[in-house]
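This is input.cif. It holds mmCIF, C-alpha atoms and all ligand atoms.
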data_work
loop_
_atom_site.label_atom_id
_atom_site.label_comp_id
_atom_site.auth_asym_id
_atom_site.auth_seq_id
_atom_site.Cartn_x
_atom_site.Cartn_y
_atom_site.Cartn_z
CA MET D 1 94.23 157.89 156.65
CA THR D 2 96.65 155.07 157.33
CA THR D 3 99.76 155.12 155.26
CA PRO D 4 100.39 151.94 153.31
CA PHE D 5 104.12 152.14 153.90
CA LEU D 6 105.25 151.46 157.46
CA SER D 7 108.48 152.77 158.95
CA ASN D 8 109.90 149.24 159.06
CA GLY D 9 109.68 149.11 155.26
CA LYS D 10 106.85 146.56 155.08
CA THR D 11 103.72 147.28 153.12
CA SER D 12 100.32 147.38 154.77
CA PHE D 13 97.05 147.25 152.85
CA SER D 14 94.60 148.02 155.61
CA ALA D 15 90.86 147.57 155.21
CA PRO D 16 89.97 151.22 155.87
CA PHE D 17 92.30 152.32 153.09
CA LEU D 18 90.60 150.06 150.49
CA GLU D 19 87.11 151.02 151.57
CA GLN D 20 87.89 154.65 151.03
CA THR D 21 89.44 154.25 147.60
CA LEU D 22 87.51 151.29 146.12
CA ASN D 23 83.90 152.27 146.60
CA ARG D 24 83.43 151.31 142.95
CA ARG D 25 84.29 147.75 142.00
CA PRO D 26 83.31 147.20 138.34
CA ARG D 27 84.20 143.51 138.69
CA ARG D 28 81.03 143.01 140.77
CA ASN D 29 79.02 143.29 137.53
CA ARG D 30 81.19 140.67 135.85
CA GLN D 31 80.98 137.98 138.51
CA THR D 32 78.55 135.51 136.95
CA ALA D 33 77.23 134.78 133.50
CA ALA D 34 73.78 135.86 134.67
CA ILE D 35 74.99 139.26 135.85
CA ARG D 36 77.15 139.73 132.78
CA GLY D 37 74.05 139.04 130.70
CA LEU D 38 72.08 141.71 132.54
CA VAL D 39 74.58 144.43 131.80
CA GLN D 40 75.51 143.47 128.24
CA GLU D 41 75.21 146.54 126.01
CA THR D 42 75.47 145.16 122.50
CA PHE D 43 74.16 142.00 120.86
CA LEU D 44 74.78 139.98 117.76
CA HIS D 45 71.68 138.62 116.10
CA PRO D 46 71.61 136.49 112.94
CA GLY D 47 68.75 138.65 111.67
CA GLN D 48 71.23 141.51 111.38
CA LEU D 49 73.83 139.56 109.43
CA VAL D 50 73.93 139.58 105.65
CA SER D 51 75.77 136.84 103.80
CA PRO D 52 77.52 137.90 100.58
CA LEU D 53 77.23 135.10 97.99
CA PHE D 54 79.11 134.44 94.76
CA VAL D 55 77.13 132.98 91.86
CA VAL D 56 78.67 131.05 88.97
CA GLU D 57 77.24 129.48 85.81
CA GLY D 58 76.52 125.77 85.61
CA LYS D 59 74.86 123.04 87.63
CA GLY D 60 76.14 121.27 90.71
CA VAL D 61 79.11 123.65 90.84
CA GLN D 62 80.73 124.59 94.14
CA GLN D 63 84.13 126.21 93.63
CA SER D 64 86.40 127.04 96.52
CA ILE D 65 88.27 130.34 96.64
CA ASN D 66 91.91 130.04 97.64
CA SER D 67 92.14 133.13 99.79
CA MET D 68 88.70 132.67 101.39
CA PRO D 69 88.55 129.23 103.02
CA GLY D 70 84.96 128.17 103.63
CA VAL D 71 83.55 130.55 101.00
CA TYR D 72 82.45 129.20 97.60
CA ARG D 73 81.08 130.18 94.25
CA TYR D 74 77.81 128.35 93.74
CA SER D 75 75.76 127.53 90.68
CA LEU D 76 72.07 128.32 91.10
CA ASP D 77 70.97 124.90 92.39
CA LEU D 78 73.58 124.86 95.17
CA LEU D 79 73.11 128.56 95.81
CA LEU D 80 69.51 127.83 96.71
CA LYS D 81 70.61 125.14 99.17
CA GLU D 82 73.01 127.56 100.79
CA VAL D 83 70.38 130.29 101.10
CA ILE D 84 67.97 127.80 102.68
CA ALA D 85 70.68 126.75 105.17
CA LEU D 86 71.35 130.39 106.02
CA HIS D 87 67.65 131.06 106.43
CA ARG D 88 67.33 128.16 108.88
CA LEU D 89 70.06 129.80 110.95
CA GLY D 90 68.14 133.06 111.02
CA ILE D 91 70.14 134.87 108.32
CA ARG D 92 67.42 136.33 106.19
CA ALA D 93 69.35 138.61 103.87
CA VAL D 94 71.95 137.85 101.21
CA ASP D 95 73.96 140.05 98.86
CA LEU D 96 74.55 138.58 95.41
CA PHE D 97 77.70 138.89 93.27
CA CYS D 98 78.21 137.35 89.90
CA TYR D 99 81.30 135.58 88.57
CA VAL D 100 81.58 136.49 84.90
CA PRO D 101 83.73 134.37 82.57
CA ASN D 102 86.33 136.35 80.57
CA GLU D 103 84.54 135.76 77.26
CA LYS D 104 81.49 137.64 78.56
CA LYS D 105 83.46 140.68 79.72
CA ASP D 106 83.99 143.80 77.61
CA GLY D 107 85.13 147.39 78.03
CA ASP D 108 81.66 148.72 78.92
CA GLY D 109 80.53 145.80 81.06
CA SER D 110 77.57 145.26 78.74
CA GLU D 111 76.87 141.80 80.23
CA ALA D 112 75.78 143.63 83.38
CA VAL D 113 72.78 145.08 81.56
CA ARG D 114 71.89 142.09 79.39
CA GLN D 115 68.36 140.89 80.04
CA GLY D 116 68.51 137.31 81.29
CA ASN D 117 72.10 137.41 82.55
CA LEU D 118 73.19 135.15 85.41
CA LEU D 119 72.50 137.79 88.03
CA GLN D 120 68.92 138.19 86.85
CA GLN D 121 68.46 134.41 86.76
CA ALA D 122 69.77 134.09 90.30
CA ILE D 123 67.48 136.79 91.67
CA GLN D 124 64.43 135.40 89.87
CA PHE D 125 65.12 131.85 90.99
CA LEU D 126 65.77 132.69 94.64
CA LYS D 127 62.81 135.05 94.87
CA GLN D 128 60.53 132.38 93.48
CA GLU D 129 61.86 129.61 95.75
CA ILE D 130 62.19 131.55 99.02
CA PRO D 131 60.24 134.78 98.69
CA ASP D 132 60.79 135.97 102.26
CA VAL D 133 64.58 136.20 101.93
CA CYS D 134 65.80 139.77 101.46
CA LEU D 135 67.74 139.83 98.20
CA MET D 136 70.37 142.50 97.90
CA VAL D 137 72.27 142.90 94.67
CA ASP D 138 75.63 144.58 94.26
CA ILE D 139 75.47 147.25 91.59
CA ALA D 140 78.82 148.01 89.92
CA LEU D 141 80.48 147.09 86.66
CA ASP D 142 83.80 145.61 87.82
CA PRO D 143 82.90 141.90 87.60
CA PHE D 144 81.68 142.54 84.03
CA THR D 145 84.47 144.72 82.58
CA THR D 146 87.70 143.50 80.96
CA HIS D 147 89.62 146.27 82.76
CA GLY D 148 88.11 145.51 86.16
CA HIS D 149 87.02 149.06 86.95
CA ASP D 150 83.63 149.81 88.48
CA GLY D 151 82.53 152.05 85.65
CA VAL D 152 82.86 152.88 81.98
CA VAL D 153 86.41 153.95 81.10
CA ASN D 154 86.80 156.84 78.64
CA GLN D 155 89.53 157.38 76.04
CA GLN D 156 91.77 159.10 78.58
CA GLY D 157 91.64 155.97 80.73
CA VAL D 158 89.47 157.68 83.35
CA VAL D 159 86.27 156.19 84.77
CA ASP D 160 83.51 158.33 83.26
CA ASN D 161 81.12 159.21 86.07
CA ASP D 162 78.01 160.18 84.14
CA ALA D 163 78.26 157.47 81.48
CA THR D 164 78.53 154.96 84.29
CA LEU D 165 75.34 156.23 85.95
CA VAL D 166 73.32 155.14 82.93
CA MET D 167 74.71 151.60 83.20
CA LEU D 168 74.12 151.45 86.96
CA ALA D 169 70.53 152.56 86.54
CA LYS D 170 69.92 149.90 83.89
CA MET D 171 71.53 147.28 86.09
CA SER D 172 69.33 148.36 88.98
CA ILE D 173 66.16 148.14 86.91
CA LEU D 174 67.09 144.64 85.71
CA ALA D 175 67.65 143.59 89.33
CA ALA D 176 64.33 145.12 90.35
CA GLU D 177 62.49 143.41 87.48
CA ALA D 178 63.93 140.08 88.57
CA GLY D 179 62.69 140.61 92.13
CA ALA D 180 65.52 142.19 94.12
CA ASP D 181 64.44 143.84 97.36
CA ILE D 182 67.41 146.15 97.64
CA VAL D 183 70.00 147.38 95.16
CA ALA D 184 73.41 148.14 96.60
CA PRO D 185 75.51 150.44 94.42
CA SER D 186 79.17 149.89 95.33
CA ASP D 187 80.82 151.92 92.59
CA MET D 188 81.32 155.31 94.36
CA MET D 189 80.24 157.39 91.34
CA ASP D 190 78.91 160.84 92.19
CA GLY D 191 75.15 161.26 92.07
CA ARG D 192 74.35 157.60 91.57
CA VAL D 193 71.89 157.23 94.41
CA GLY D 194 69.63 160.00 93.10
CA TYR D 195 70.02 158.79 89.53
CA ILE D 196 69.16 155.19 90.42
CA ARG D 197 66.27 156.31 92.66
CA THR D 198 64.70 158.30 89.83
CA ALA D 199 65.23 155.48 87.35
CA LEU D 200 63.66 152.91 89.66
CA ASP D 201 60.69 155.13 90.44
CA GLN D 202 60.08 155.89 86.77
CA ALA D 203 60.19 152.19 85.96
CA GLY D 204 57.58 151.50 88.63
CA PHE D 205 59.92 150.15 91.32
CA SER D 206 59.39 152.68 94.06
CA SER D 207 59.38 149.90 96.66
CA VAL D 208 62.88 148.68 95.80
CA GLY D 209 65.31 150.07 98.36
CA ILE D 210 68.81 151.47 97.94
CA LEU D 211 71.61 150.43 100.25
CA SER D 212 74.28 152.90 99.29
CA TYR D 213 77.93 151.99 99.78
CA ALA D 214 78.20 155.58 100.92
CA ALA D 215 81.70 155.55 102.38
CA LYS D 216 83.73 152.98 100.53
CA TYR D 217 87.47 153.29 100.89
CA ALA D 218 90.18 152.40 98.36
CA SER D 219 91.27 149.46 100.45
CA ALA D 220 93.82 146.68 100.20
CA PHE D 221 91.37 144.52 102.15
CA TYR D 222 89.40 143.76 98.95
CA GLY D 223 92.14 141.48 97.57
CA PRO D 224 90.48 138.09 98.19
CA PHE D 225 87.14 139.33 96.78
CA ARG D 226 88.90 140.26 93.55
CA GLU D 227 90.28 136.72 93.40
CA ALA D 228 86.80 135.33 93.99
CA LEU D 229 85.39 137.27 91.04
CA ASN D 230 88.55 137.54 88.93
CA SER D 231 87.87 141.28 88.96
CA ALA D 232 91.14 142.97 89.93
CA PRO D 233 91.71 146.21 87.97
CA LYS D 234 93.98 145.54 84.97
CA PHE D 235 95.43 149.06 85.02
CA GLY D 236 95.74 151.74 87.68
CA ASP D 237 93.80 151.55 90.91
CA LYS D 238 90.44 152.70 92.27
CA LYS D 239 91.68 155.78 94.13
CA GLY D 240 89.97 158.09 91.61
CA TYR D 241 86.57 157.04 92.92
CA GLN D 242 86.95 155.10 96.17
CA MET D 243 87.86 157.13 99.25
CA ASN D 244 91.24 157.88 100.78
CA PRO D 245 91.59 155.84 104.00
CA ALA D 246 92.94 158.96 105.70
CA ASN D 247 89.64 160.85 105.51
CA VAL D 248 86.63 160.90 107.79
CA ARG D 249 84.97 164.30 107.19
CA GLU D 250 84.69 163.28 103.56
CA ALA D 251 82.87 160.11 104.65
CA ILE D 252 80.31 162.20 106.48
CA MET D 253 79.81 164.32 103.38
CA GLU D 254 79.39 161.23 101.18
CA CYS D 255 76.80 159.84 103.61
CA GLN D 256 74.91 163.12 103.73
CA LEU D 257 74.84 163.38 99.94
CA ASP D 258 73.51 159.84 99.60
CA GLU D 259 70.90 160.49 102.26
CA GLN D 260 69.74 163.63 100.44
CA GLN D 261 69.54 161.65 97.20
CA GLY D 262 67.24 159.09 98.75
CA ALA D 263 69.37 156.27 100.11
CA ASP D 264 67.38 154.01 102.46
CA MET D 265 70.46 152.64 104.23
CA LEU D 266 74.10 153.61 104.31
CA LEU D 267 77.07 151.25 104.18
CA ILE D 268 80.58 151.81 105.51
CA LYS D 269 83.30 149.62 104.06
CA PRO D 270 85.63 148.02 105.15
CA ALA D 271 84.55 147.72 108.77
CA LEU D 272 87.20 147.07 111.40
CA ALA D 273 89.78 149.59 110.26
CA TYR D 274 86.98 152.16 109.98
CA LEU D 275 85.10 151.84 113.26
CA ASP D 276 85.61 155.54 113.92
CA VAL D 277 83.88 156.30 110.63
CA ILE D 278 80.90 154.14 111.63
CA ALA D 279 80.72 155.90 115.01
CA LYS D 280 80.90 159.38 113.48
CA VAL D 281 78.35 158.67 110.78
CA ARG D 282 76.06 157.20 113.46
CA GLU D 283 76.01 160.62 115.12
CA VAL D 284 74.88 162.51 112.05
CA THR D 285 72.24 160.32 110.42
CA THR D 286 69.02 158.66 111.47
CA LEU D 287 69.27 156.17 108.59
CA PRO D 288 70.18 152.56 109.32
CA ILE D 289 73.90 151.92 108.92
CA GLY D 290 75.41 148.73 107.59
CA ALA D 291 79.08 147.79 107.70
CA TYR D 292 80.86 145.49 105.27
CA HIS D 293 83.31 143.21 107.05
CA VAL D 294 85.16 142.54 103.81
CA SER D 295 87.02 139.64 102.24
CA GLY D 296 90.46 140.61 103.56
CA GLU D 297 89.12 140.92 107.09
CA TYR D 298 87.71 137.41 106.78
CA ALA D 299 90.86 136.00 105.12
CA MET D 300 93.23 137.28 107.82
CA VAL D 301 91.33 135.50 110.57
CA MET D 302 90.93 132.28 108.60
CA ALA D 303 94.64 132.20 107.70
CA ALA D 304 95.65 132.61 111.32
CA ALA D 305 93.10 130.01 112.41
CA GLN D 306 94.41 127.51 109.87
CA ASN D 307 97.82 127.91 111.47
CA GLY D 308 96.31 127.25 114.87
CA TRP D 309 97.09 130.81 115.97
CA LEU D 310 93.56 132.05 116.58
CA ASP D 311 90.13 130.66 117.35
CA ALA D 312 88.29 131.90 114.24
CA GLN D 313 84.81 131.66 115.64
CA ARG D 314 85.61 133.62 118.80
CA VAL D 315 87.59 136.22 116.88
CA PHE D 316 84.75 136.68 114.41
CA GLU D 317 82.23 137.15 117.19
CA GLU D 318 84.49 139.73 118.79
CA CYS D 319 85.02 141.54 115.48
CA LEU D 320 81.31 141.64 114.67
CA ILE D 321 80.28 142.81 118.13
CA SER D 322 82.87 145.61 117.83
CA ILE D 323 81.32 146.69 114.57
CA LYS D 324 77.90 146.78 116.23
CA ARG D 325 79.29 148.62 119.24
CA ALA D 326 80.70 151.28 116.92
CA GLY D 327 77.15 151.92 115.72
CA ALA D 328 76.35 149.60 112.81
CA ASP D 329 72.85 148.14 112.68
CA PHE D 330 73.67 145.26 110.36
CA ILE D 331 76.81 143.63 109.00
CA LEU D 332 77.69 142.06 105.67
CA THR D 333 80.18 139.32 106.49
CA TYR D 334 81.53 136.08 105.04
CA ALA D 335 81.53 134.77 108.61
CA ALA D 336 77.74 135.12 108.88
CA LYS D 337 77.07 131.39 108.76
CA GLN D 338 79.84 130.43 111.21
CA VAL D 339 78.75 133.08 113.67
CA ALA D 340 75.04 132.26 113.36
CA GLU D 341 75.86 128.59 113.99
CA ALA D 342 77.77 129.54 117.12
CA LEU D 343 74.96 131.82 118.29
CA SER D 344 72.38 129.08 117.81
CA LYS D 345 74.30 126.86 120.27
CA LYS D 346 74.39 129.46 123.04
C1 LIG K 1 82.73 145.93 93.61
C2 LIG K 1 82.89 145.50 95.03
C3 LIG K 1 84.07 145.21 95.71
C4 LIG K 1 83.69 144.72 96.94
C5 LIG K 1 82.31 144.76 97.00
N1 LIG K 1 81.83 145.27 95.80
C6 LIG K 1 85.47 145.24 95.28
C7 LIG K 1 86.09 146.50 94.84
O1 LIG K 1 85.54 147.59 95.00
O2 LIG K 1 87.16 146.42 94.27
C8 LIG K 1 84.63 144.23 98.00
C9 LIG K 1 84.04 143.24 98.95
C10 LIG K 1 85.03 142.47 99.74
O3 LIG K 1 86.26 142.67 99.69
O4 LIG K 1 84.57 141.58 100.45
N2 LIG K 1 82.52 147.25 93.37
#

Could I get this file's structure written as C-alpha cells?
Amino acid sequence: MTTPFLSNGKTSFSAPFLEQTLNRRPRRNRQTAAIRGLVQETFLHPGQLVSPLFVVEGKGVQQSINSMPGVYRYSLDLLLKEVIALHRLGIRAVDLFCYVPNEKKDGDGSEAVRQGNLLQQAIQFLKQEIPDVCLMVDIALDPFTTHGHDGVVNQQGVVDNDATLVMLAKMSILAAEAGADIVAPSDMMDGRVGYIRTALDQAGFSSVGILSYAAKYASAFYGPFREALNSAPKFGDKKGYQMNPANVREAIMECQLDEQQGADMLLIKPALAYLDVIAKVREVTTLPIGAYHVSGEYAMVMAAAQNGWLDAQRVFEECLISIKRAGADFILTYAAKQVAEALSKK
C-alpha cells in the first residue's frame, strides 16, 4: 500500500489507496432526485395525518390563539368549511376538542356528559355533512372542569380514578351516539380503556374504536393547548396521572395494559422528545401507533419562523418524517394542513 505521506512532507492521495478504502460510496445513492426517491425509506402521506380542531359556540366565529399562529377555534359553520378543506387535501381524520365557557364549567365537568352539548352537536353536524371523515373525539374532563384537571377531584384534592371512569364512559357513549368513529381517552386514568370498551359495547357501539393515549407524559409542551381551551390546571399539576418524562419501561407497561383492555390504537404524546418511546413501543405491539405532535412542538417552530429563523414548512416536514421513522403510523399535528399543502405541490 502506498503511504499518503511522502518523505518530502507533501501529501499524496493516490488512486490505488482510495480504491482500497472507499469501495462503499453512500453518496452514489444520493446523486439525483430519482435515485434518492428509489431509496427513500419513510414517507409522509396526508391520509396518515390527523388535524386536531378546536370548536367554539356561535356562528361565523373564527378566533385566533396567541401561542398557536395559524390555528383557530371555529364555530360549527366554519368548522365544517375547515374539515372540507382538509378533506380536499387528503386529510381524512380530525380530532375534536371543545372550548367551554367558564359559566358552563363545574367541579365535576358535568357539561361533558350533558346530552346536546357543543361536542355532541359538532360530531352530529360533521358526520351528517361529510360522513366519510373519520371523527375522533378527545375524552377527558379538563376543558369542562373549573379546576382544569382531567378527572373528578375528591375532597383531598386528588383526582379520583374510579369516579372519573364513570364520567369518561358517559362521555364516550355520548360521542358514539352522535356519530364519532373513534373515542380518544387522554386522561391517563387506570383501567379506562377496558371500562370504556365495556360501556360502549353494552350501549350497542361495538364498532366505535378506542385510540388510547396510552403513554401520555406530564409535559410542558401542552402550554399553548391549555391557552387554546382555557384549561390550565388551577391547582397542582398533572404528575399524579400523566407519566414522568424520565420513564420508558413504564410507557411499555401502559401500552400493554391498554392493549389487553381492548385499545384499537395506541398514542404516544408528545412526539419529538419521545421518539425513543415510539420506537420501543413499536417493537412490542402489533397495534397501530399514533403520535401526537403537540401544541408546544407546533408553537416553537412557528415562533422561530415568525422571526425569520426557520422555514416552518420544511422543519415540520422533517419533524413529521422523524416521527414516522421512529415507528408511528399516523400523526396528530396542528401542521397537518400546511404539510399536506406542501405535499400536494410535490
Ligand atoms: C386533555 C388534553 C391535553 C392535550 C390533549 N388532550 C392537555 C393536557 O393533558 O393538559 C394536549 C394537546 C396539545 O398540547 O396539543 N386531556

Spatial neighbours of stretch 144-157 of chain D, 8 Å, only C-alpha atoms, chain gap at least 6 places, as a short mmCIF file (atom, residue, chain, number, x, y, z; two decimals) with C-alpha atoms, in the coordinates of the input:
data_model
loop_
_atom_site.label_atom_id
_atom_site.label_comp_id
_atom_site.auth_asym_id
_atom_site.auth_seq_id
_atom_site.Cartn_x
_atom_site.Cartn_y
_atom_site.Cartn_z
CA VAL D 100 81.58 136.49 84.90
CA ASN D 102 86.33 136.35 80.57
CA LYS D 104 81.49 137.64 78.56
CA LYS D 105 83.46 140.68 79.72
CA ASP D 106 83.99 143.80 77.61
CA GLY D 107 85.13 147.39 78.03
CA ASP D 108 81.66 148.72 78.92
CA GLY D 109 80.53 145.80 81.06
CA SER D 110 77.57 145.26 78.74
CA GLU D 111 76.87 141.80 80.23
CA ALA D 112 75.78 143.63 83.38
CA ALA D 163 78.26 157.47 81.48
CA THR D 164 78.53 154.96 84.29
CA ASP D 187 80.82 151.92 92.59
CA SER D 231 87.87 141.28 88.96
CA ALA D 232 91.14 142.97 89.93
CA PRO D 233 91.71 146.21 87.97
CA LYS D 234 93.98 145.54 84.97
CA PHE D 235 95.43 149.06 85.02
CA LYS D 238 90.44 152.70 92.27
#

Near ligand LIG 1 (chain K), 6 Å: chain D residue rows, closest pairs, all atoms listed in the file, as a tab-separated table:
residue	atom	partner	partner_atom	distance
D:Ala140	CA	K:LIG1	N2	5.1
D:Asp142	CA	K:LIG1	C1	5.9
D:Asp150	CA	K:LIG1	N2	5.6
D:Ser186	CA	K:LIG1	N2	4.7
D:Asp187	CA	K:LIG1	N2	5.0
D:Phe221	CA	K:LIG1	O3	6.0
D:Tyr222	CA	K:LIG1	O3	3.4
D:Phe225	CA	K:LIG1	O3	4.5
D:Val294	CA	K:LIG1	O4	3.5
D:Ser295	CA	K:LIG1	O4	3.6

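Residue nearest D:Gly296 within the list D:Val248, D:Leu310, D:Met188, D:Ala228: D:Ala228 [criterion: smallest interatomic distance, all atoms listed in the file].
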
I want to know what sits within 12 Å of D:Lys345, based on only C-alpha atoms, with residues of the same chain fewer than 6 positions away left out; could you give that as a PyMOL selection string? chain D and resi 89+338-339

Rounded to one decimal in Å, what is the spacing between atom CA of D:Cys98 and atom CA of D:Asp258?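 Atom-to-atom, atom CA of D:Cys98 and atom CA of D:Asp258 are spaced 24.9 Å apart.
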
D:Ile278, D:Leu266, D:Tyr334, D:Arg197 ranked by distance to D:Glu297, top pick (using all atoms listed in the file):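 Counting all atoms listed in the file, the residue closest to D:Glu297 is D:Tyr334.
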